[in-house]
Amino acid sequence: MNLSVSIGPIVSLIAGVLILIMPRLLNYIVAVYLIVIGLIGLFGTGSLRL
């Protein structure tokens, strides 16, 4: 049995729960997400396999 889990849906789920619990976190979560996506776009994933 081979179990493969992608990190994207897990991060989205955790972020959604945190936003429901503490709505003020929305700004920070969106900012961190945009920064991470921007850095991945600039530098590529390289040897990073998530």
# chains A, B, ... in the order shown; residues from 1 in each chain; ligands from 1
>>> residues_around(residues="A:Ala15", least_positions_apart="6", cutoff="10 Å", atoms="only C-alpha atoms", output="list in words")
Pro9, Ile21, Leu25, Leu26, Ile29, Val30 and Tyr33 of chain A
>>> atom_distance(atom1="atom CA of A:Gly41", atom2="atom CA of A:Gly8")
15.2 Å
>>> atom_distance(atom1="atom CA of A:Ile7", atom2="atom CA of A:Ile37")
13.3 Å
>>> atom_distance(atom1="atom CA of A:Ser12", atom2="atom CA of A:Ile40")
16.8 Å
>>> decode(residues="stretch 3-48 of chain A", atoms="C-alpha atoms", output="compact mmCIF listing (two decimals), in the first residue's frame")
# COMPACT_ATOMS: atom_id res chain seq x y z
CA LEU A 3 0.25 6.44 0.62
CA SER A 4 1.17 9.76 -0.95
CA VAL A 5 0.04 13.00 0.69
CA SER A 6 0.50 16.40 -0.88
CA ILE A 7 1.46 19.29 1.39
CA GLY A 8 -0.83 21.84 -0.32
CA PRO A 9 -4.19 20.50 0.85
CA ILE A 10 -2.87 19.95 4.37
CA VAL A 11 -1.63 23.54 4.62
CA SER A 12 -4.94 24.80 3.23
CA LEU A 13 -6.91 22.80 5.76
CA ILE A 14 -4.82 24.03 8.69
CA ALA A 15 -5.03 27.64 7.46
CA GLY A 16 -8.81 27.38 7.08
CA VAL A 17 -9.24 26.07 10.61
CA LEU A 18 -6.98 28.79 12.03
CA ILE A 19 -8.94 31.47 10.19
CA LEU A 20 -12.19 30.11 11.60
CA ILE A 21 -10.77 30.11 15.12
CA MET A 22 -8.94 33.44 14.91
CA PRO A 23 -10.15 35.62 12.00
CA ARG A 24 -7.38 38.17 12.62
CA LEU A 25 -4.88 35.61 11.34
CA LEU A 26 -6.28 35.96 7.81
CA ASN A 27 -3.95 38.83 6.90
CA TYR A 28 -0.88 36.98 8.12
CA ILE A 29 -1.81 33.68 6.51
CA VAL A 30 -2.46 35.35 3.14
CA ALA A 31 0.78 37.32 3.38
CA VAL A 32 2.87 34.24 4.20
CA TYR A 33 1.17 32.27 1.42
CA LEU A 34 1.89 34.97 -1.15
CA ILE A 35 5.52 35.27 -0.04
CA VAL A 36 6.06 31.51 -0.24
CA ILE A 37 4.43 31.25 -3.67
CA GLY A 38 6.50 34.20 -4.88
CA LEU A 39 9.75 32.66 -3.65
CA ILE A 40 8.91 29.32 -5.23
CA GLY A 41 8.11 31.12 -8.47
CA LEU A 42 11.38 33.04 -8.44
CA PHE A 43 13.74 30.27 -7.42
CA GLY A 44 11.82 27.21 -8.55
CA THR A 45 11.36 24.11 -6.47
CA GLY A 46 14.78 22.72 -7.37
CA SER A 47 15.33 19.60 -5.33
CA LEU A 48 12.31 20.34 -3.12
